[in-house]
>>> print(open('data-v6.tsv').read())   # TSV, C-alpha atoms and all ligand atoms
chain	number	residue	atom	x	y	z
A	131	MET	CA	-25.15	8.74	-13.95
A	132	TYR	CA	-21.37	8.85	-13.67
A	133	ILE	CA	-21.16	11.93	-15.83
A	134	ARG	CA	-22.07	14.17	-12.93
A	135	ARG	CA	-18.74	13.28	-11.32
A	136	TYR	CA	-16.90	15.32	-13.94
A	137	VAL	CA	-16.65	18.92	-14.80
A	138	LEU	CA	-16.63	19.32	-18.57
A	139	ALA	CA	-14.97	22.03	-20.59
A	140	VAL	CA	-11.95	22.63	-18.39
A	141	MET	CA	-8.96	20.70	-19.62
A	142	PRO	CA	-8.42	19.19	-23.08
A	143	LEU	CA	-7.57	15.49	-22.95
A	144	ILE	CA	-7.39	12.69	-25.45
A	145	VAL	CA	-9.19	9.60	-24.32
A	146	SER	CA	-9.29	6.21	-25.97
A	147	SER	CA	-12.88	5.31	-26.48
A	148	SER	CA	-12.83	1.58	-27.13
A	149	SER	CA	-15.85	-0.06	-25.56
A	150	ASN	CA	-15.40	-1.43	-22.03
A	151	HIS	CA	-12.67	1.10	-21.36
A	152	ILE	CA	-12.68	2.90	-18.05
A	153	CYS	CA	-11.93	6.55	-18.62
A	154	ARG	CA	-8.14	6.90	-18.48
A	155	VAL	CA	-8.46	10.34	-16.98
A	156	CYS	CA	-10.81	9.88	-14.11
A	157	GLU	CA	-10.17	6.26	-13.35
A	158	PRO	CA	-9.92	4.49	-11.00
A	159	PHE	CA	-12.83	6.41	-9.64
A	160	CYS	CA	-15.32	5.75	-12.34
A	161	THR	CA	-16.61	3.29	-14.86
A	162	CYS	CA	-17.67	5.98	-17.22
A	163	ASP	CA	-17.62	4.01	-20.47
A	164	TYR	CA	-21.15	5.42	-20.57
A	165	SER	CA	-19.76	8.79	-21.46
A	166	PHE	CA	-16.49	7.95	-23.21
A	167	GLY	CA	-16.67	4.38	-24.36
A	168	ARG	CA	-18.83	4.60	-27.44
A	169	GLY	CA	-17.49	4.62	-30.97
A	170	SER	CA	-14.08	3.50	-32.15
A	171	GLU	CA	-12.42	6.83	-32.89
A	172	GLN	CA	-10.28	8.78	-30.43
A	173	ARG	CA	-12.10	11.82	-29.18
A	174	VAL	CA	-10.80	15.01	-27.65
A	175	LEU	CA	-12.75	15.71	-24.47
A	176	LYS	CA	-12.59	18.82	-22.44
A	177	MET	CA	-12.82	17.82	-18.85
A	178	SER	CA	-11.14	17.54	-15.50
A	179	ARG	CA	-11.91	15.21	-12.63
A	180	LEU	CA	-13.35	16.34	-9.35
A	181	PRO	CA	-11.00	16.04	-6.38
A	182	LYS	CA	-10.94	12.61	-4.81
A	183	THR	CA	-10.52	11.76	-1.15
A	184	TRP	CA	-7.63	9.68	0.15
A	185	LEU	CA	-7.21	8.24	3.63
A	186	ILE	CA	-3.72	7.29	4.76
A	187	THR	CA	-2.62	5.39	7.86
A	188	GLY	CA	0.74	6.11	9.49
A	189	SER	CA	0.95	9.68	8.17
A	190	SER	CA	3.34	10.97	10.83
A	191	SER	CA	6.52	10.20	8.88
A	192	GLY	CA	8.14	8.52	5.89
A	193	PHE	CA	6.00	7.34	2.99
A	194	GLY	CA	2.75	8.24	4.78
A	195	LEU	CA	3.68	11.89	5.21
A	196	LEU	CA	5.16	12.18	1.72
A	197	LEU	CA	2.03	10.65	0.22
A	198	VAL	CA	-0.10	13.19	2.08
A	199	ARG	CA	2.01	16.04	0.69
A	200	SER	CA	2.04	14.62	-2.84
A	201	ILE	CA	-1.76	14.18	-2.87
A	202	LEU	CA	-2.40	17.69	-1.52
A	203	ALA	CA	-0.09	19.07	-4.20
A	204	GLN	CA	-2.30	17.36	-6.81
A	205	GLY	CA	-5.38	19.15	-5.44
A	206	ASP	CA	-7.06	16.08	-3.96
A	207	ASN	CA	-8.51	15.80	-0.43
A	208	VAL	CA	-6.58	13.91	2.24
A	209	VAL	CA	-7.55	12.51	5.59
A	210	ALA	CA	-4.16	11.95	7.19
A	211	THR	CA	-4.17	9.68	10.22
A	212	SER	CA	-1.68	8.73	12.91
A	213	ARG	CA	-1.88	7.15	16.30
A	214	ASN	CA	-0.74	10.23	18.17
A	215	PRO	CA	-1.26	13.51	16.27
A	216	SER	CA	-0.32	15.57	19.35
A	217	ARG	CA	3.28	14.40	18.82
A	218	THR	CA	3.42	16.09	15.40
A	219	PRO	CA	1.56	19.41	15.83
A	220	ASP	CA	3.47	21.11	13.01
A	221	LEU	CA	2.45	18.41	10.55
A	222	VAL	CA	-1.17	18.56	11.63
A	223	LYS	CA	-1.07	22.34	11.19
A	224	GLU	CA	0.57	22.01	7.77
A	225	VAL	CA	-2.09	19.60	6.52
A	226	GLU	CA	-5.06	21.37	8.08
A	227	SER	CA	-3.93	24.80	6.86
A	228	THR	CA	-5.52	23.84	3.55
A	229	SER	CA	-9.24	23.20	3.20
A	230	LYS	CA	-8.34	19.88	1.54
A	231	GLY	CA	-6.57	18.34	4.50
A	232	LYS	CA	-7.75	16.92	7.79
A	233	TRP	CA	-5.88	14.92	10.43
A	234	LEU	CA	-7.54	12.25	12.58
A	235	THR	CA	-6.28	9.93	15.31
A	236	LEU	CA	-6.12	6.32	14.17
A	237	ASP	CA	-4.12	3.56	15.78
A	238	VAL	CA	-4.50	0.56	13.49
A	239	THR	CA	-4.21	-1.76	16.48
A	240	SER	CA	-7.48	-0.40	17.91
A	241	GLY	CA	-10.51	-2.66	17.89
A	242	ALA	CA	-12.78	-2.93	14.85
A	243	THR	CA	-15.45	-0.74	16.48
A	244	THR	CA	-13.06	2.14	17.13
A	245	ILE	CA	-11.66	1.86	13.62
A	246	SER	CA	-15.16	1.85	12.09
A	247	THR	CA	-16.04	4.99	14.07
A	248	VAL	CA	-12.93	6.79	12.77
A	249	ILE	CA	-13.60	5.67	9.19
A	250	GLU	CA	-17.20	6.85	9.41
A	251	GLU	CA	-16.03	10.22	10.72
A	252	ALA	CA	-13.40	10.40	7.97
A	253	SER	CA	-15.92	9.61	5.24
A	254	LYS	CA	-18.14	12.49	6.38
A	255	ILE	CA	-15.38	15.12	6.13
A	256	PHE	CA	-15.22	15.23	2.33
A	257	GLY	CA	-18.27	13.07	1.61
A	258	THR	CA	-16.56	9.73	0.92
A	259	ILE	CA	-13.28	7.79	0.74
A	260	ASP	CA	-12.04	7.03	-2.76
A	261	VAL	CA	-8.55	5.74	-1.97
A	262	LEU	CA	-7.29	4.02	1.17
A	263	ILE	CA	-3.54	3.68	1.67
A	264	ASN	CA	-2.70	1.11	4.33
A	265	ASN	CA	0.76	2.42	5.07
A	266	ALA	CA	1.31	2.06	8.84
A	267	GLY	CA	3.97	-0.51	9.57
A	268	TYR	CA	7.26	-1.30	11.24
A	269	SER	CA	9.73	-4.12	11.43
A	270	ILE	CA	11.26	-6.40	13.99
A	271	PHE	CA	14.57	-8.03	13.19
A	272	GLY	CA	16.24	-11.00	14.83
A	273	ALA	CA	16.80	-14.72	14.53
A	274	ALA	CA	13.63	-16.62	13.57
A	275	GLU	CA	14.26	-19.12	16.34
A	276	GLU	CA	14.55	-16.42	18.97
A	277	ILE	CA	11.82	-13.86	18.21
A	278	ALA	CA	9.52	-13.74	21.23
A	279	GLU	CA	5.92	-14.67	20.49
A	280	ASP	CA	4.48	-11.47	21.95
A	281	ARG	CA	6.73	-9.34	19.72
A	282	ALA	CA	5.84	-11.41	16.66
A	283	LYS	CA	2.13	-11.04	17.42
A	284	ALA	CA	2.52	-7.29	17.96
A	285	GLN	CA	4.19	-7.08	14.54
A	286	PHE	CA	1.25	-8.84	12.89
A	287	GLU	CA	-1.22	-6.65	14.82
A	288	VAL	CA	0.07	-3.56	13.00
A	289	ASN	CA	1.31	-4.82	9.62
A	290	PHE	CA	-1.40	-7.40	8.93
A	291	TRP	CA	-4.44	-7.21	11.24
A	292	GLY	CA	-4.40	-3.41	11.31
A	293	LEU	CA	-4.48	-3.32	7.51
A	294	ILE	CA	-7.35	-5.81	7.43
A	295	ARG	CA	-9.40	-3.97	10.05
A	296	VAL	CA	-9.07	-0.61	8.27
A	297	SER	CA	-9.83	-2.18	4.87
A	298	GLN	CA	-12.90	-3.97	6.22
A	299	ALA	CA	-14.20	-0.66	7.59
A	300	VAL	CA	-13.64	1.15	4.27
A	301	LEU	CA	-14.82	-1.53	1.83
A	302	PRO	CA	-18.59	-1.10	2.49
A	303	ILE	CA	-18.23	2.58	1.51
A	304	MET	CA	-16.41	1.67	-1.70
A	305	ARG	CA	-18.84	-1.13	-2.53
A	306	ALA	CA	-21.80	1.22	-2.10
A	307	GLN	CA	-20.29	3.77	-4.46
A	308	ARG	CA	-19.01	1.02	-6.77
A	309	SER	CA	-15.56	2.52	-7.01
A	310	GLY	CA	-12.39	2.88	-4.99
A	311	THR	CA	-8.78	1.83	-4.64
A	312	ILE	CA	-7.09	0.09	-1.74
A	313	VAL	CA	-3.32	0.46	-1.68
A	314	ASN	CA	-1.49	-1.94	0.60
A	315	MET	CA	2.10	-1.12	1.51
A	316	SER	CA	3.92	-4.39	1.34
A	317	SER	CA	7.65	-4.63	0.69
A	318	VAL	CA	10.24	-6.49	-1.30
A	319	ALA	CA	10.02	-8.62	1.86
A	320	GLY	CA	6.46	-9.49	0.83
A	321	LEU	CA	7.94	-11.75	-1.86
A	322	THR	CA	11.43	-12.53	-0.58
A	323	ALA	CA	12.36	-13.33	3.02
A	324	SER	CA	15.92	-12.46	4.06
A	325	PRO	CA	17.64	-13.83	7.14
A	326	SER	CA	16.81	-11.75	10.26
A	327	CYS	CA	13.46	-10.62	8.78
A	328	ALA	CA	11.37	-13.76	9.33
A	329	ILE	CA	8.49	-12.11	11.18
A	330	TYR	CA	8.45	-8.86	9.20
A	331	ALA	CA	8.54	-10.83	5.92
A	332	SER	CA	5.83	-13.19	7.19
A	333	SER	CA	3.58	-10.23	7.95
A	334	LYS	CA	4.16	-8.80	4.46
A	335	PHE	CA	3.72	-12.20	2.75
A	336	ALA	CA	0.38	-12.34	4.58
A	337	VAL	CA	-0.50	-8.87	3.26
A	338	GLU	CA	0.31	-10.05	-0.27
A	339	ALA	CA	-1.88	-13.16	0.04
A	340	TRP	CA	-4.80	-11.26	1.51
A	341	SER	CA	-4.54	-8.57	-1.18
A	342	GLU	CA	-4.33	-11.16	-3.97
A	343	SER	CA	-7.59	-12.75	-2.88
A	344	LEU	CA	-9.25	-9.43	-2.21
A	345	CYS	CA	-8.42	-7.97	-5.62
A	346	GLN	CA	-10.34	-10.76	-7.34
A	347	GLU	CA	-13.30	-10.54	-4.95
A	348	VAL	CA	-13.85	-6.79	-5.23
A	349	ALA	CA	-13.17	-6.24	-8.94
A	350	PRO	CA	-16.90	-6.83	-9.71
A	351	PHE	CA	-17.60	-3.75	-7.54
A	352	SER	CA	-15.06	-1.76	-9.62
A	353	ILE	CA	-12.71	-1.64	-6.65
A	354	ARG	CA	-9.01	-1.90	-7.34
A	355	VAL	CA	-6.36	-3.34	-5.02
A	356	LEU	CA	-2.73	-2.31	-5.47
A	357	ILE	CA	0.18	-3.86	-3.60
A	358	VAL	CA	3.19	-1.55	-3.33
A	359	GLU	CA	6.56	-3.27	-2.89
A	360	PRO	CA	9.31	-0.83	-1.97
A	361	GLY	CA	12.93	-1.91	-1.81
A	362	ILE	CA	14.98	-0.03	0.75
A	363	PHE	CA	14.10	3.67	1.09
A	364	ARG	CA	15.45	6.51	3.21
A	365	THR	CA	12.62	6.97	5.72
A	366	ASN	CA	12.58	6.46	9.48
A	367	PHE	CA	12.03	2.78	8.83
A	368	LEU	CA	15.51	1.70	9.92
A	369	GLY	CA	15.72	4.46	12.51
A	370	SER	CA	15.12	4.27	16.20
A	371	GLY	CA	11.56	3.39	17.06
A	372	ALA	CA	10.48	2.05	13.67
A	373	VAL	CA	12.65	-1.03	13.87
A	374	GLN	CA	12.83	-3.29	16.89
A	375	THR	CA	15.88	-5.47	16.89
A	376	GLN	CA	16.03	-8.47	19.14
A	377	PRO	CA	19.71	-9.11	19.95
A	378	VAL	CA	20.89	-12.56	18.90
A	379	SER	CA	22.17	-15.22	21.29
A	380	GLU	CA	25.71	-16.58	21.22
A	381	ALA	CA	24.60	-19.33	18.82
A	382	TYR	CA	23.76	-16.76	16.12
A	383	ARG	CA	26.80	-14.51	16.55
A	384	SER	CA	28.75	-14.33	13.26
A	385	ASN	CA	25.80	-16.08	11.66
A	386	VAL	CA	24.09	-14.58	8.61
A	387	VAL	CA	21.47	-13.13	11.01
A	388	ASP	CA	24.09	-11.09	12.81
A	389	ILE	CA	25.64	-9.98	9.53
A	390	MET	CA	22.25	-8.76	8.28
A	391	LEU	CA	21.54	-6.87	11.51
A	392	GLN	CA	24.88	-5.09	11.16
A	393	ARG	CA	24.11	-4.33	7.52
A	394	PHE	CA	20.77	-2.73	8.42
A	395	GLU	CA	22.44	-0.62	11.09
A	396	ASP	CA	25.11	0.59	8.66
A	397	MET	CA	22.49	1.30	6.00
A	398	ASN	CA	20.34	3.59	8.17
A	399	GLY	CA	20.38	7.11	6.70
A	400	ARG	CA	22.24	5.96	3.57
A	401	GLN	CA	19.47	4.03	1.80
A	402	GLN	CA	19.44	4.62	-1.98
A	403	GLY	CA	15.68	4.81	-2.41
A	404	ASP	CA	14.18	8.31	-2.55
A	405	PRO	CA	10.82	8.20	-0.71
A	406	VAL	CA	9.65	11.44	-2.36
A	407	LYS	CA	9.92	9.81	-5.79
A	408	ALA	CA	8.28	6.65	-4.44
A	409	ALA	CA	5.30	8.62	-3.11
A	410	GLU	CA	4.92	10.34	-6.49
A	411	ARG	CA	5.00	6.99	-8.34
A	412	ILE	CA	2.31	5.59	-6.05
A	413	VAL	CA	0.02	8.59	-6.54
A	414	GLU	CA	0.58	8.53	-10.32
A	415	ASN	CA	-0.13	4.80	-10.47
A	416	VAL	CA	-3.38	5.13	-8.53
A	417	GLN	CA	-4.50	8.06	-10.66
A	418	ARG	CA	-3.65	6.20	-13.87
A	419	GLY	CA	-5.84	3.31	-12.72
A	420	LEU	CA	-6.76	0.23	-14.69
A	421	THR	CA	-9.11	-0.61	-17.50
A	422	LYS	CA	-12.11	-2.78	-16.69
A	423	GLU	CA	-10.35	-5.71	-18.33
A	424	GLU	CA	-7.23	-5.19	-16.21
A	425	LEU	CA	-9.11	-4.91	-12.91
A	426	GLY	CA	-8.91	-7.92	-10.58
A	427	LYS	CA	-6.08	-9.56	-12.52
A	428	VAL	CA	-3.12	-10.73	-10.49
A	429	GLU	CA	-0.74	-9.64	-13.26
A	430	ASN	CA	-1.76	-6.01	-12.59
A	431	LEU	CA	-1.70	-6.20	-8.81
A	432	ARG	CA	1.82	-5.13	-7.88
A	433	LEU	CA	3.94	-1.99	-8.05
A	434	PRO	CA	7.63	-2.71	-7.38
A	435	LEU	CA	9.63	0.35	-6.34
A	436	GLY	CA	13.42	0.48	-6.67
A	437	HIS	CA	16.00	-1.57	-8.56
A	438	ASP	CA	16.85	-3.51	-5.39
A	439	CYS	CA	13.26	-4.75	-5.19
A	440	TYR	CA	13.08	-5.52	-8.88
A	441	ASP	CA	16.38	-7.46	-8.91
A	442	ARG	CA	15.65	-9.45	-5.76
A	443	VAL	CA	12.20	-10.46	-6.92
A	444	ALA	CA	13.50	-11.35	-10.41
A	445	GLU	CA	16.13	-13.57	-8.79
A	446	LYS	CA	13.49	-15.18	-6.56
A	447	MET	CA	11.21	-15.83	-9.55
A	448	ALA	CA	14.07	-17.49	-11.44
A	449	LYS	CA	14.89	-19.70	-8.45
A	450	LEU	CA	11.24	-20.56	-7.88
A	451	LYS	CA	10.92	-21.54	-11.53
A	452	GLN	CA	14.06	-23.66	-11.28
A	453	ASN	CA	12.73	-25.29	-8.10
A	454	TYR	CA	9.37	-26.11	-9.71
A	455	GLU	CA	10.78	-27.32	-12.99
A	456	SER	CA	13.28	-29.64	-11.31
A	457	SER	CA	10.46	-31.25	-9.27
A	458	LYS	CA	8.04	-31.45	-12.17
A	459	SER	CA	8.30	-35.01	-13.32
A	460	GLU	CA	8.28	-37.45	-10.39
A	461	ASP	CA	7.41	-35.36	-7.32
A	462	VAL	CA	4.29	-33.67	-8.67
A	463	ASP	CA	2.64	-36.96	-9.58
A	464	VAL	CA	1.06	-37.87	-6.25
A	465	ALA	CA	-2.58	-38.33	-7.29
A	466	ILE	CA	-4.51	-41.33	-5.91
A	467	LYS	CA	-4.70	-43.89	-8.71
A	468	GLU	CA	-8.38	-44.89	-8.98
B	1	LIG	N1	11.35	2.47	4.12
B	1	LIG	C1	11.55	1.28	3.63
B	1	LIG	O1	12.68	0.91	3.30
B	1	LIG	C2	10.38	0.37	3.42
B	1	LIG	C3	10.56	-0.71	2.56
B	1	LIG	C4	9.50	-1.57	2.32
B	1	LIG	C5	8.28	-1.34	2.91
B	1	LIG	N2	8.12	-0.27	3.76
B	1	LIG	C6	6.79	-0.09	4.37
B	1	LIG	O2	6.37	1.23	4.22
B	1	LIG	C7	5.44	1.56	5.26
B	1	LIG	C8	5.81	2.90	5.86
B	1	LIG	O3	7.09	2.83	6.43
B	1	LIG	P1	8.15	4.01	6.33
B	1	LIG	O4	9.30	3.50	5.56
B	1	LIG	O5	7.50	5.26	5.89
B	1	LIG	O6	8.63	4.07	7.84
B	1	LIG	P2	8.38	5.17	8.98
B	1	LIG	O7	8.93	6.46	8.54
B	1	LIG	O8	8.93	4.53	10.21
B	1	LIG	O9	6.79	5.28	9.10
B	1	LIG	C9	6.01	4.27	9.66
B	1	LIG	C10	4.68	4.84	10.02
B	1	LIG	O10	3.84	3.78	10.56
B	1	LIG	C11	3.21	4.29	11.69
B	1	LIG	N3	2.75	3.28	12.66
B	1	LIG	C12	3.45	2.34	13.31
B	1	LIG	N4	2.64	1.65	14.12
B	1	LIG	C13	1.39	2.17	13.98
B	1	LIG	C14	0.10	1.90	14.54
B	1	LIG	N5	-0.09	0.95	15.46
B	1	LIG	N6	-0.98	2.64	14.13
B	1	LIG	C15	-0.82	3.62	13.22
B	1	LIG	N7	0.38	3.93	12.67
B	1	LIG	C16	1.45	3.22	13.05
B	1	LIG	C17	4.23	5.21	12.32
B	1	LIG	O11	3.55	6.08	13.21
B	1	LIG	P3	4.14	6.59	14.60
B	1	LIG	O12	4.79	7.88	14.27
B	1	LIG	O13	2.94	6.74	15.46
B	1	LIG	O14	5.11	5.55	15.09
B	1	LIG	C18	4.77	5.91	11.10
B	1	LIG	O15	3.96	6.98	10.71
B	1	LIG	C19	5.50	0.40	6.27
B	1	LIG	O16	4.36	-0.43	6.07
B	1	LIG	C20	6.77	-0.36	5.87
B	1	LIG	O17	6.68	-1.73	6.16
B	1	LIG	C21	9.14	0.58	4.03
>>> encode(input="data-v6.tsv", output="structure tokens", more="lines below")
Ligand SMILES: NC(=O)c1ccc[n+]([C@@H]2O[C@H](COP(=O)([O-])OP(=O)(O)OC[C@H]3O[C@@H](n4cnc5c(N)ncnc54)[C@H](OP(=O)(O)O)[C@@H]3O)[C@@H](O)[C@H]2O)c1
Amino acid sequence: MYIRRYVLAVMPLIVSSSSNHICRVCEPFCTCDYSFGRGSEQRVLKMSRLPKTWLITGSSSGFGLLLVRSILAQGDNVVATSRNPSRTPDLVKEVESTSKGKWLTLDVTSGATTISTVIEEASKIFGTIDVLINNAGYSIFGAAEEIAEDRAKAQFEVNFWGLIRVSQAVLPIMRAQRSGTIVNMSSVAGLTASPSCAIYASSKFAVEAWSESLCQEVAPFSIRVLIVEPGIFRTNFLGSGAVQTQPVSEAYRSNVVDIMLQRFEDMNGRQQGDPVKAAERIVENVQRGLTKEELGKVENLRLPLGHDCYDRVAEKMAKLKQNYESSKSEDVDVAIKE
């Protein structure tokens, strides 16, 4: 039944045909071992995949916009979304000038009912949603002790609850079609929390935890979850509007918090990471997909982007290992002796 999703005789491709192998060409959108998984030899198939439909939150700038452009360039369909499309009429025009692009209004802080309505509308445009990219996000910086509760909650509303609400609206569609990919934009801050980033990092740690559970729960429906962890990239992220900095009190002046805030300010516009390349890596990774055996495994869950991310996480892993190994003997043994 999956074979009808493909157009044969268009493009020559070599596909491994070991049993249980999801087609390397059309994955992650299919489980077509029916058509390609029999026999042990490599076979040359002539085929190309049908365009898939991606939905992206926070498409008005940065990674979101670059992802939209990268996907359109690949020939896939995109439903770009942003909370206020009337602020970016040129972008809406650019995307909708092709028959493969559509722009909808979606504020991820809206209630679940509003989000479900938008997702339903989006799924009707091209017939389904194959890939969701939960990209919308921003950061607040400041001293952990001093971040106001309302600002912290607003941060979680977008970065964490918004992502959950949109995912929960899309998952029934993906479960029904027994395929799909959910990409969650986390950060290097999803695994390492620097001074001045306590709330932003907490929101991204929460995204990581939620995604880690989800990936195991939805693998039986052939749904993939991918966490993307960018280091520091040259988008609007550190620019005015995206970042909200809460000034520190006298107590934290000259403290590491203040030093970090200054560092972020100096870094704005000079970040090393190229977001165009990052968007291309994300699209490639999603299109490459996973085998059935790889799906739902935590070791395949993350995509680090940038040497800064890689190095910081490697350092954190080494320290975590050191921490655990040094506590191994006495401290771990706290079981009730029956
Ligand atoms: N750039 C980096 O260095 C970096 C590093 C690690 C992770 N990230 C993550 O990458 C993602 C994208 O950030 P970016 O770097 O591309 O920054 P960006 O250029 O500032 O883009 C952020 C996007 O999020 C949208 N957004 C904010 N609040 C929203 C809401 N309530 N509903 C819908 N959309 C909302 C913004 O839309 P408006 O135009 O409406 O404000 C904007 O399109 C974020 O999740 C961020 O945490 C970025």
>>> residues_near_ligand(input="data-v6.tsv", ligand="ligand LIG 1 (chain B)", cutoff="6 Å", atoms="all atoms listed in the file", output="number ranges by chain")
A: 187-194, 212-214, 237-239, 265-268, 288, 315-317, 360-367, 372
>>> closest_residue(input="data-v6.tsv", among="A:Val318, A:Ile389, A:Ile466, A:Val209", to="Cys439 in chain A", atoms="all atoms listed in the file")
A:Val318
>>> residues_around(input="data-v6.tsv", residues="Arg354 in chain A", least_positions_apart="5", cutoff="9 Å", atoms="only C-alpha atoms", output="number ranges by chain")
A: 158, 309-313, 345-346, 348-349, 419-420, 425-426, 431
>>> atom_distance(input="data-v6.tsv", atom1="CA of Val378 in chain A", atom2="CA of Asp438 in chain A")
26.2 Å
>>> residues_around(input="data-v6.tsv", residues="Phe335 in chain A", least_positions_apart="6", cutoff="8 Å", atoms="only C-alpha atoms", output="number ranges by chain")
A: 316, 319-321
>>> closest_residue(input="data-v6.tsv", among="A:Glu226, A:Met304, A:Thr375, A:Ser216", to="Ala282 in chain A", atoms="only C-alpha atoms")
A:Thr375
>>> atom_distance(input="data-v6.tsv", atom1="CA of Phe286 in chain A", atom2="CA of Leu301 in chain A")
20.8 Å
>>> residues_around(input="data-v6.tsv", residues="range 273-275 of chain A", least_positions_apart="6", cutoff="7 Å", atoms="only C-alpha atoms", output="short mmCIF file (atom, residue, chain, number, x, y, z; two decimals) with C-alpha atoms, in the coordinates of the input")
data_model
loop_
_atom_site.label_atom_id
_atom_site.label_comp_id
_atom_site.auth_asym_id
_atom_site.auth_seq_id
_atom_site.Cartn_x
_atom_site.Cartn_y
_atom_site.Cartn_z
CA SER A 326 16.81 -11.75 10.26
CA ALA A 328 11.37 -13.76 9.33
CA VAL A 378 20.89 -12.56 18.90
CA VAL A 387 21.47 -13.13 11.01
#
>>> atom_distance(input="data-v6.tsv", atom1="CA of Asn264 in chain A", atom2="CA of Arg432 in chain A")
14.4 Å
>>> closest_residue(input="data-v6.tsv", among="A:Trp291, A:Ala284, A:Leu202, A:Ile186", to="Asp260 in chain A", atoms="all atoms listed in the file")
A:Ile186
>>> residues_around(input="data-v6.tsv", residues="Leu234 in chain A", least_positions_apart="2", cutoff="8 Å", atoms="only C-alpha atoms", output="JSON list (two decimals) with C-alpha atoms, keeping the file's coordinate frame")
[["chain", "number", "residue", "atom", "x", "y", "z"],
["A", 209, "VAL", "CA", -7.55, 12.51, 5.59],
["A", 210, "ALA", "CA", -4.16, 11.95, 7.19],
["A", 211, "THR", "CA", -4.17, 9.68, 10.22],
["A", 212, "SER", "CA", -1.68, 8.73, 12.91],
["A", 215, "PRO", "CA", -1.26, 13.51, 16.27],
["A", 232, "LYS", "CA", -7.75, 16.92, 7.79],
["A", 236, "LEU", "CA", -6.12, 6.32, 14.17],
["A", 248, "VAL", "CA", -12.93, 6.79, 12.77],
["A", 252, "ALA", "CA", -13.40, 10.40, 7.97]]
>>> closest_residue(input="data-v6.tsv", among="A:Glu276, A:Gly436, A:Gln307, A:Val198", to="Phe351 in chain A", atoms="all atoms listed in the file")
A:Gln307
>>> decode(input="data-v6.tsv", residues="range 272-294 of chain A", atoms="C-alpha atoms", output="tab-separated table (two decimals), in the first residue's frame")
chain	number	residue	atom	x	y	z
A	272	GLY	CA	19.56	37.70	33.57
A	273	ALA	CA	20.51	36.48	37.01
A	274	ALA	CA	18.61	33.33	38.04
A	275	GLU	CA	17.78	34.90	41.39
A	276	GLU	CA	16.30	37.99	39.79
A	277	ILE	CA	14.27	36.81	36.79
A	278	ALA	CA	10.67	37.86	37.38
A	279	GLU	CA	8.20	34.98	37.53
A	280	ASP	CA	5.92	36.41	34.84
A	281	ARG	CA	8.84	36.72	32.40
A	282	ALA	CA	10.01	33.19	33.19
A	283	LYS	CA	6.50	31.84	32.61
A	284	ALA	CA	6.20	33.78	29.34
A	285	GLN	CA	9.48	32.20	28.22
A	286	PHE	CA	8.14	28.71	28.92
A	287	GLU	CA	4.83	29.57	27.20
A	288	VAL	CA	6.64	29.99	23.87
A	289	ASN	CA	9.68	27.68	24.07
A	290	PHE	CA	8.06	24.75	25.89
A	291	TRP	CA	4.25	24.89	26.09
A	292	GLY	CA	3.91	26.29	22.57
A	293	LEU	CA	5.97	23.41	21.20
A	294	ILE	CA	3.87	20.89	23.12
